[in-house]
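Colleague: A single structure is presented below for examination.
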Amino acid sequence: MSLVLRPKLPSHLTPRITQAAAVGVATALWSLGVEARIKWPNDLLVAKPDEDMGRKICGILAETGTTNLSAKRLGTGDDNRVDFVVLGIGLNANLDPEDLNVPDREVATLRSELGRDVDLIELLGTLLSGLDVELGRIEDFGAVLDDWRALDCTLGKLVRVERFGEVLVGRAADLTPEGALLLETPEGTVKLFEGEVEHLRQEGT
């Protein structure tokens, strides 16, 4: 599903929306009996006790837009605010993992985790309720990040990150107050605002 949001936030704070949404969706899935965890920055995974890597069940993406193009070009007016954000949520629901045709990685669905199908209208209501709570707290982002950490499955892990054509390997240490990932590498700590993260198998597993 896609939601059109009109947040009253400066443009530099809009990345908060993705992480707040991840908390809202994860909380909603827990209420359904699915123990979803957040992989920084925008994926939800599930894992059985004997699984180390986790299987993707949901992806979240937020794209910003503005109609105030002339002001943006000139650097005048309200160019420091976005006009809207399209929040996209792709949740694997009433299908089997093999139906997704992604043989290169492990995936999960609500059906595979719950052993049954869910009513999609009720699911939508549950998701919207969770999103409403977390997006409503977005200006108190410290509280959102506390919940994010409680649902996280990336911090403390050895990860591989691709960004802007480079590859970094290190241990995910923590989040900054604005939600950036602090990656500890042999060359030092790197602050990441975006990137494709892959969890690597831990030593000895």
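As shown in the structure tokens, the chain order sets the letters A, B, ...; within each chain, residues go from 1, and ligands are also counted from 1 in the order they appear.
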Mind the document's chain letters and residue numbers, and return as a list in words the residues of region 13-121 of chain A that DSSP labels strand (DSSP E or B).
Modeller: Arg37, Ile38, Lys39, Asp43, Leu44, Leu45, Val46, Arg55, Lys56, Ile57, Cys58, Gly59, Ile60, Leu61, Ala62, Glu63, Thr64, Gly65, Arg81, Phe84, Val85, Val86, Leu87, Gly88, Ile89, Gly90, Leu91 and Val107 of chain A
Colleague: Find the spatial neighbours of Val167 (chain A), counting only C-alpha atoms, within a cut-off of 12 Å - ignore same-chain residues fewer than 4 positions away - and output them as a ChimeraX atom specification.
Modeller: /A:159-163,185,195-198
Colleague: If you run DSSP over the backbone, which residues in region 4-190 of chain A end up helix (DSSP H, G or I)? Put them as JSON, numbers by chain.
Modeller: {"A": [11, 12, 13, 16, 17, 18, 19, 20, 21, 22, 23, 24, 25, 26, 27, 28, 29, 30, 31, 32, 69, 70, 71, 72, 73, 74, 97, 98, 99, 100, 110, 111, 112, 113, 114, 120, 121, 122, 123, 124, 125, 126, 127, 128, 129, 130, 131, 132, 133, 134, 135, 141, 142, 143, 144, 145, 146, 147, 148, 149, 150, 151]}
Colleague: Please produce a file of those selected residues containing C-alpha atoms, as a compact mmCIF listing (two decimals), in the first residue's frame.
Modeller:
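That gives us out-v6.txt:
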# COMPACT_ATOMS: atom_id res chain seq x y z
CA SER A 11 12.96 18.46 4.60
CA HIS A 12 16.06 17.37 6.54
CA LEU A 13 13.83 15.64 9.10
CA ARG A 16 12.48 10.08 10.37
CA ILE A 17 9.31 8.97 8.60
CA THR A 18 10.80 5.69 7.37
CA GLN A 19 12.03 4.66 10.81
CA ALA A 20 8.86 5.73 12.58
CA ALA A 21 6.85 3.77 10.01
CA ALA A 22 9.03 0.70 10.57
CA VAL A 23 8.24 0.83 14.28
CA GLY A 24 4.54 1.26 13.58
CA VAL A 25 4.36 -1.68 11.18
CA ALA A 26 6.50 -3.92 13.39
CA THR A 27 4.29 -3.14 16.39
CA ALA A 28 1.20 -3.95 14.33
CA LEU A 29 2.68 -7.30 13.26
CA TRP A 30 3.52 -8.19 16.86
CA SER A 31 -0.13 -7.58 17.74
CA LEU A 32 -1.01 -10.20 15.12
CA LEU A 69 9.73 24.17 -7.82
CA SER A 70 10.37 27.85 -8.56
CA ALA A 71 11.04 28.64 -4.91
CA LYS A 72 13.28 25.60 -4.65
CA ARG A 73 15.36 26.70 -7.64
CA LEU A 74 15.68 30.25 -6.35
CA PRO A 97 7.14 -17.68 0.28
CA GLU A 98 7.82 -19.64 -2.92
CA ASP A 99 5.12 -17.63 -4.69
CA LEU A 100 7.36 -14.56 -4.43
CA LEU A 110 2.03 -13.73 7.12
CA ARG A 111 0.62 -17.03 5.93
CA SER A 112 3.92 -18.85 6.52
CA GLU A 113 4.32 -17.33 9.99
CA LEU A 114 0.74 -17.60 11.23
CA LEU A 120 -6.84 -7.83 4.50
CA ILE A 121 -9.24 -5.11 5.62
CA GLU A 122 -8.56 -5.91 9.26
CA LEU A 123 -4.84 -6.04 8.48
CA LEU A 124 -5.02 -2.61 6.88
CA GLY A 125 -6.78 -1.22 9.95
CA THR A 126 -4.14 -2.68 12.25
CA LEU A 127 -1.31 -1.24 10.14
CA LEU A 128 -2.91 2.20 9.95
CA SER A 129 -3.41 2.26 13.72
CA GLY A 130 0.25 1.41 14.31
CA LEU A 131 1.40 4.01 11.80
CA ASP A 132 -0.86 6.67 13.28
CA VAL A 133 0.69 6.22 16.71
CA GLU A 134 4.32 6.30 15.59
CA LEU A 135 4.01 9.02 12.95
CA PHE A 141 12.05 11.19 17.79
CA GLY A 142 14.08 10.03 20.78
CA ALA A 143 11.08 7.99 21.97
CA VAL A 144 10.61 6.55 18.48
CA LEU A 145 14.27 5.49 18.39
CA ASP A 146 13.95 3.85 21.81
CA ASP A 147 11.16 1.69 20.39
CA TRP A 148 13.20 1.14 17.23
CA ARG A 149 16.12 -0.20 19.26
CA ALA A 150 13.78 -2.54 21.17
CA LEU A 151 12.61 -4.01 17.84
Colleague: Between A:Leu61, A:Leu181, A:Val46, A:Ala173, which is the closest to Thr109 (chain A) once you count only C-alpha atoms?
Modeller: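 Of the candidates, the smallest distance to Thr109 (chain A) is held by A:Val46.
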Colleague: Which residue, A:Asp174, A:Arg105, A:Glu139, A:His199, has the smallest gap to Thr14 (chain A) when you use only C-alpha atoms?
Modeller: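 Closest candidate: A:Glu139.
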Colleague: Could you list, as a PyMOL selection string, every residue within 8 Å of Val107 (chain A), counting only C-alpha atoms and ignoring same-chain residues fewer than 3 positions away?
Modeller: chain A and resi 55-57+97+102
